[in-house]
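Student: Here it is: the structure, laid out below.
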Amino acid sequence: MSIAEVKIKKIADNEIILQQLASNVISGNQSRVKKEINHALHAGIPACTILNEGMIRGMTVLGRMFRDNEVYVPQVIMAAQAMETGLKILKPFLSEFHLSYRGKVVIGTIQYDIHDLGKNIVGIFLESSGFKVLDLGVDVPTESFVRAVEKERPDLLAICAMMTTTLPYMQEVVEAVRSSPAGKGVKILVGGLPVTPRFARTIGADAYGVDADSGVKQALKLIKKGHIGKKAQVR
Amino acid sequence: MTRWSEGYTKFCLALSGEPVGVPVAAQLQDHAMCLAGCPADIFFSDPEALTEIVLLVTEYYGFDLPYLIWDVYNIEAEALGQRLKHPPFTMPDIDQTDPLIKYEKDLDKIKLIDPKNSGRMPMVLESYRLYEKYTGLVPTLQVCGPFSLACGIRSYIGMINDIEKRPKFAHELLKRLCDDVLLPWIRVQHETVPQARFIVVADAWGSLPNVDLRIFEEFVIPYIERLDDGAQQFGIRVSGAGYWGESCLQQPLKLLEAKAQISRYSPLGLTGLDPDVDILGPEIFKDAAVKYDLPLVLGIDALLLNNGPVKAIIERVKRYIKAGAPGGRFAILFNNIPAHTSPRHIHTAVEAVRVYGKYPVDTDLKIKVKTPSRENFQKFIERKQSDNPEGYTFSWYQAPTVLK
């Protein structure tokens, strides 16, 4: 076998490993994900390639399947757990840049609203799109959002609400973050069942996502516009 | 005869296929609480406040039948010791970050409860009594569904993990909830209201996309049937309710068939809720109801009612009546009206049902609906206080909220 043939075979073998990893992420098989990542590392595949072309590829396919109703929330939860298991193994081999090359997101559900499912799904897909996600949880008071923005200096703040009664607090957060020194440049994405594009515009949010898929698309759009992501590259 | 007798008859005739008009009811607890200016901690714990406010707001809008409902997903969980959070202006909710059942050994926390002395179960029983006293009607009995209760005390993510990794444990949890909690609770409810022939089991966590069809068939339906088997022995049938998600399926009829199976003991029959009805069209729901020989209730989108515009609300009502009303056995439900919804939107929506829902239904439905002119809720309450044939206590009364 010539050197060229050996190289081609190696590329093909690696592609098979990465495809298997992606498919195990999609099926949420934690033990197989663990096994495939160790296999990939032993095969000499760089950690960032394993992350991007194995795990994130799997989550990207899963995101499309979720959008198209081919899978449902339970499959997303299982895949996210498989992804988390995989990331634990990969982390020592990855730089901060690889884990957050799109930028940093602070996400939370608004005060007096304890719905976390939608917020968790958006967080899962943002993370698997290359964002570093800091989840503040549910029932997050305005001052906690402001403090997190001051401390973490995120590129994007994602605020979720599930009830019409909590919408005024969304406006309060946007105003408070905008008036804090650290919050001037931060982009704000809002979403959740009662949020409308009109409401998002009225309160001064930069983008609005009707569901997880559109939330991630909006976040990526903000990057493409050059609003964010640059900071992540120089960190 | 009470003021509700006519509406009750209208519902009965409509659902039995001899309609005089399309009846309309609403799930309106958050909105009623807000309109009456009653703090959430009083509204969701004081049976007089809950019952009187729901009845008064139902009368104010002219709905045909009052639908008395509380935070139905919390009562049993709270009685077992699950922690709730209490936002100031909306219903309490289970704190999913702190589930009662954290480990398998915690199953022992599920014990036979005494419904007459546990949590807010006495409030539910007293609300039934007051409903009967004020309306002369039999209240609709309600409990939380086994799957939703499991998601409450185990957390939704915990339950999904159990289903995928420890299915035996998930089944054991559901069995224990049915046998040790829900059936004794249903028995006590039935003893309190012995005329009731069915009980609604609210189980929205078991909807798509929270679950897939496999989970629905293996972990949701069998436990509704288990409850029905148990409840039959003391003379009451169980009807699963609150499921949505047909629009998540390539073949929505599969879910409609399953829903028809578990809701067949409710006189309300098959229910279709927005956004599914809007996305798929009301015709598929009507066809399914006819196929399974059940009445049909179509639910109008809460956010549409909240956000408007009134023109879109009128169009939605018209569209659903046009598809659902022919042949009768049809009613309209306003799904969970949001707290701050404009009364103008609700008055207009009710008016649209009155105008378009006359039998025989005019298939053209060309008549225009206008927003009716109504007194505001504060004036209505003042009038009711001076002319109070029901004998409401108004013990909860403060200044009502003025919603425009």
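Residues are named by chain letter and number: chains run A, B, ... in the order of the structure tokens, numbers start at 1 in each chain, and ligands are numbered from 1 in the order shown.
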Ser118 in chain B: which residues within 9 Å, counting only C-alpha atoms, same-chain residues fewer than 3 positions away excluded, as a list in words?

Tutor: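 Everything that qualifies: Glu76, Glu78, Ala79, Leu80, Ile113, Asp114, Pro115, Met121 and Pro122 of chain B.
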
Student: Show me, as a JSON list (two decimals) with N, CA and C atoms, in the first residue's frame, every residue of chain A with an atom at most 6 Å from chain B, counting only C-alpha atoms.

Tutor:
```
[["chain", "number", "residue", "atom", "x", "y", "z"],
["A", 69, "ASN", "N", -40.08, 17.42, 13.61],
["A", 69, "ASN", "CA", -40.91, 16.46, 14.34],
["A", 69, "ASN", "C", -40.56, 15.00, 14.06],
["A", 72, "TYR", "N", -38.54, 13.87, 19.45],
["A", 72, "TYR", "CA", -39.24, 14.73, 20.39],
["A", 72, "TYR", "C", -38.32, 15.07, 21.58],
["A", 73, "VAL", "N", -38.88, 15.75, 22.55],
["A", 73, "VAL", "CA", -38.05, 16.23, 23.66],
["A", 73, "VAL", "C", -37.27, 15.10, 24.36],
["A", 112, "TYR", "N", -40.33, 34.76, 38.60],
["A", 112, "TYR", "CA", -41.69, 34.26, 38.85],
["A", 112, "TYR", "C", -42.15, 33.22, 37.82]]
```

Student: Just list as a PDB file with C-alpha atoms, in the first residue's frame whatever in range 21-215 of chain A DSSP marks as strand (DSSP E or B).

Tutor:
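After the write, selection11.pdb holds the following:
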```
ATOM      1  CA  GLY A 103     -19.271  33.201  21.835  1.00  0.00           C
ATOM      2  CA  LYS A 104     -20.621  33.102  25.351  1.00  0.00           C
ATOM      3  CA  VAL A 105     -24.332  33.024  26.208  1.00  0.00           C
ATOM      4  CA  VAL A 106     -26.012  33.675  29.542  1.00  0.00           C
ATOM      5  CA  ILE A 107     -29.478  32.124  29.572  1.00  0.00           C
ATOM      6  CA  GLY A 108     -32.297  32.109  32.125  1.00  0.00           C
ATOM      7  CA  THR A 109     -36.054  32.032  32.682  1.00  0.00           C
ATOM      8  CA  ILE A 110     -37.543  35.245  33.940  1.00  0.00           C
ATOM      9  CA  PHE A 131     -21.618  28.590  22.227  1.00  0.00           C
ATOM     10  CA  LYS A 132     -20.485  28.416  25.807  1.00  0.00           C
ATOM     11  CA  VAL A 133     -23.743  28.482  27.753  1.00  0.00           C
ATOM     12  CA  LEU A 134     -24.092  29.687  31.342  1.00  0.00           C
ATOM     13  CA  ASP A 135     -27.513  28.700  32.622  1.00  0.00           C
ATOM     14  CA  VAL A 140     -34.196  34.534  37.872  1.00  0.00           C
ATOM     15  CA  LEU A 156     -25.480  37.148  24.126  1.00  0.00           C
ATOM     16  CA  LEU A 157     -28.139  37.201  26.821  1.00  0.00           C
ATOM     17  CA  ALA A 158     -31.038  34.796  26.220  1.00  0.00           C
ATOM     18  CA  ILE A 159     -34.198  35.392  28.267  1.00  0.00           C
ATOM     19  CA  CYS A 160     -37.112  32.962  28.328  1.00  0.00           C
ATOM     20  CA  LYS A 187     -27.048  41.312  22.389  1.00  0.00           C
ATOM     21  CA  ILE A 188     -30.361  40.181  23.809  1.00  0.00           C
ATOM     22  CA  LEU A 189     -32.378  37.265  22.468  1.00  0.00           C
ATOM     23  CA  VAL A 190     -35.871  36.674  23.878  1.00  0.00           C
ATOM     24  CA  GLY A 191     -38.208  33.750  23.429  1.00  0.00           C
ATOM     25  CA  ALA A 207     -33.749  39.108  18.290  1.00  0.00           C
ATOM     26  CA  TYR A 208     -36.684  36.828  18.957  1.00  0.00           C
ATOM     27  CA  GLY A 209     -36.927  33.071  18.666  1.00  0.00           C
TER      28      GLY A 209
END
```

Student: Take CA of Gln171 in chain A and CA of Phe377 in chain B and report the distance between them in Å, one decimal.

Tutor: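 Atom-to-atom, CA of Gln171 in chain A and CA of Phe377 in chain B are spaced 28.1 Å apart.
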
Student: List the neighbours of range 349-366 of chain B out to 7 Å using only C-alpha atoms; skip same-chain residues closer than 5 positions along the sequence, and give me the result as a PDB file with N, CA and C atoms, in the first residue's frame.

Tutor:
```
ATOM      1  N   VAL B  20     -79.312  23.453  20.179  1.00  0.00           N
ATOM      2  CA  VAL B  20     -80.039  24.691  19.930  1.00  0.00           C
ATOM      3  C   VAL B  20     -79.048  25.810  19.607  1.00  0.00           C
ATOM      4  N   GLY B  21     -77.805  25.579  19.884  1.00  0.00           N
ATOM      5  CA  GLY B  21     -76.752  26.545  19.601  1.00  0.00           C
ATOM      6  C   GLY B  21     -75.433  25.931  20.035  1.00  0.00           C
ATOM      7  N   VAL B  22     -74.321  26.506  19.541  1.00  0.00           N
ATOM      8  CA  VAL B  22     -73.008  25.993  19.954  1.00  0.00           C
ATOM      9  C   VAL B  22     -72.712  26.533  21.349  1.00  0.00           C
ATOM     10  N   ILE B 313     -59.560  36.778  16.128  1.00  0.00           N
ATOM     11  CA  ILE B 313     -60.311  35.947  17.081  1.00  0.00           C
ATOM     12  C   ILE B 313     -61.649  35.541  16.452  1.00  0.00           C
ATOM     13  N   ILE B 314     -62.322  36.504  15.854  1.00  0.00           N
ATOM     14  CA  ILE B 314     -63.623  36.217  15.223  1.00  0.00           C
ATOM     15  C   ILE B 314     -63.452  35.189  14.108  1.00  0.00           C
ATOM     16  N   VAL B 317     -62.958  31.659  15.558  1.00  0.00           N
ATOM     17  CA  VAL B 317     -64.223  31.094  16.062  1.00  0.00           C
ATOM     18  C   VAL B 317     -65.082  30.639  14.885  1.00  0.00           C
ATOM     19  N   LYS B 318     -65.164  31.480  13.878  1.00  0.00           N
ATOM     20  CA  LYS B 318     -65.991  31.196  12.696  1.00  0.00           C
ATOM     21  C   LYS B 318     -65.515  29.915  11.993  1.00  0.00           C
ATOM     22  N   ILE B 321     -66.369  26.816  14.098  1.00  0.00           N
ATOM     23  CA  ILE B 321     -67.810  26.515  14.107  1.00  0.00           C
ATOM     24  C   ILE B 321     -68.226  25.948  12.745  1.00  0.00           C
ATOM     25  N   LYS B 322     -67.689  26.528  11.702  1.00  0.00           N
ATOM     26  CA  LYS B 322     -68.044  26.070  10.353  1.00  0.00           C
ATOM     27  C   LYS B 322     -67.704  24.581  10.178  1.00  0.00           C
ATOM     28  N   PRO B 326     -71.740  21.554  12.176  1.00  0.00           N
ATOM     29  CA  PRO B 326     -72.725  20.763  11.438  1.00  0.00           C
ATOM     30  C   PRO B 326     -72.936  19.370  12.049  1.00  0.00           C
TER      31      PRO B 326
END
```

Student: Which residues come within 6 Å of range 283-300 of chain B, counting only C-alpha atoms, excluding same-chain residues fewer than 5 positions away, as a PyMOL selection string?

Tutor: chain B and resi 15+268-274+323-324+329-335

Student: Could you write out, as a ChimeraX atom specification, all the residues of range 56-168 of chain B that DSSP marks as alpha helix (DSSP H)?

Tutor: /B:56-61,75-80,121-135,146-154,156-165,167-168

Student: Quick one: write out the picked residues with C-alpha atoms as a PDB file, in the first residue's frame?

Tutor:
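So the final result, stored in again_0.pdb, reads:
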```
ATOM      1  CA  LEU B  56     -68.849  35.531  38.734  1.00  0.00           C
ATOM      2  CA  VAL B  57     -66.366  35.938  35.893  1.00  0.00           C
ATOM      3  CA  THR B  58     -68.086  33.149  33.949  1.00  0.00           C
ATOM      4  CA  GLU B  59     -71.408  34.956  34.379  1.00  0.00           C
ATOM      5  CA  TYR B  60     -69.858  38.310  33.494  1.00  0.00           C
ATOM      6  CA  TYR B  61     -68.757  37.027  30.081  1.00  0.00           C
ATOM      7  CA  ILE B  75     -52.747  19.223  44.501  1.00  0.00           C
ATOM      8  CA  GLU B  76     -51.635  15.589  44.889  1.00  0.00           C
ATOM      9  CA  ALA B  77     -47.921  16.409  44.606  1.00  0.00           C
ATOM     10  CA  GLU B  78     -48.239  19.050  47.321  1.00  0.00           C
ATOM     11  CA  ALA B  79     -50.157  16.614  49.551  1.00  0.00           C
ATOM     12  CA  LEU B  80     -47.271  14.161  49.210  1.00  0.00           C
ATOM     13  CA  MET B 121     -57.256  18.580  49.064  1.00  0.00           C
ATOM     14  CA  PRO B 122     -59.882  19.864  51.549  1.00  0.00           C
ATOM     15  CA  MET B 123     -60.039  23.077  49.494  1.00  0.00           C
ATOM     16  CA  VAL B 124     -60.894  21.049  46.387  1.00  0.00           C
ATOM     17  CA  LEU B 125     -63.660  19.189  48.222  1.00  0.00           C
ATOM     18  CA  GLU B 126     -65.098  22.382  49.677  1.00  0.00           C
ATOM     19  CA  SER B 127     -65.008  24.028  46.232  1.00  0.00           C
ATOM     20  CA  TYR B 128     -67.123  21.169  44.855  1.00  0.00           C
ATOM     21  CA  ARG B 129     -69.624  21.694  47.650  1.00  0.00           C
ATOM     22  CA  LEU B 130     -69.812  25.440  46.999  1.00  0.00           C
ATOM     23  CA  TYR B 131     -70.131  24.910  43.249  1.00  0.00           C
ATOM     24  CA  GLU B 132     -73.111  22.637  43.816  1.00  0.00           C
ATOM     25  CA  LYS B 133     -74.630  25.084  46.292  1.00  0.00           C
ATOM     26  CA  TYR B 134     -74.278  28.120  44.009  1.00  0.00           C
ATOM     27  CA  THR B 135     -75.091  26.532  40.658  1.00  0.00           C
ATOM     28  CA  PRO B 146     -50.424   9.618  36.809  1.00  0.00           C
ATOM     29  CA  PHE B 147     -47.806  10.571  34.227  1.00  0.00           C
ATOM     30  CA  SER B 148     -48.063  14.298  35.029  1.00  0.00           C
ATOM     31  CA  LEU B 149     -47.934  13.591  38.755  1.00  0.00           C
ATOM     32  CA  ALA B 150     -44.822  11.468  38.215  1.00  0.00           C
ATOM     33  CA  CYS B 151     -43.247  14.346  36.266  1.00  0.00           C
ATOM     34  CA  GLY B 152     -44.154  16.618  39.173  1.00  0.00           C
ATOM     35  CA  ILE B 153     -42.591  14.634  41.996  1.00  0.00           C
ATOM     36  CA  ARG B 154     -39.745  13.069  40.019  1.00  0.00           C
ATOM     37  CA  TYR B 156     -39.860  15.706  33.936  1.00  0.00           C
ATOM     38  CA  ILE B 157     -36.213  15.081  33.066  1.00  0.00           C
ATOM     39  CA  GLY B 158     -35.938  12.544  35.885  1.00  0.00           C
ATOM     40  CA  MET B 159     -38.985  10.733  34.559  1.00  0.00           C
ATOM     41  CA  ILE B 160     -37.647  10.654  30.988  1.00  0.00           C
ATOM     42  CA  ASN B 161     -34.352   9.279  32.295  1.00  0.00           C
ATOM     43  CA  ASP B 162     -36.237   6.600  34.229  1.00  0.00           C
ATOM     44  CA  ILE B 163     -38.239   5.635  31.158  1.00  0.00           C
ATOM     45  CA  GLU B 164     -35.099   5.302  29.035  1.00  0.00           C
ATOM     46  CA  LYS B 165     -32.735   3.808  31.620  1.00  0.00           C
ATOM     47  CA  PRO B 167     -38.249   1.500  32.815  1.00  0.00           C
ATOM     48  CA  LYS B 168     -39.153  -0.920  35.627  1.00  0.00           C
TER      49      LYS B 168
END
```

Student: Distance CA of Trp185 in chain B-CA of Gly145 in chain B, one decimal place?

Tutor: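 Straight-line distance from CA of Trp185 in chain B to CA of Gly145 in chain B works out to 11.9 Å.
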
Student: May I ask for the distance between CA of Ile42 in chain B and CA of Tyr392 in chain B, given in Å to one decimal place?

Tutor: 16.2 Å

Student: Restricting the calculation to only C-alpha atoms, which member of B:Gly327, B:Thr140, B:Leu28, B:Cys12 is positioned closest to Val193 in chain B?

Tutor: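 Checking each candidate against Val193 in chain B, we get B:Thr140 as the closest.
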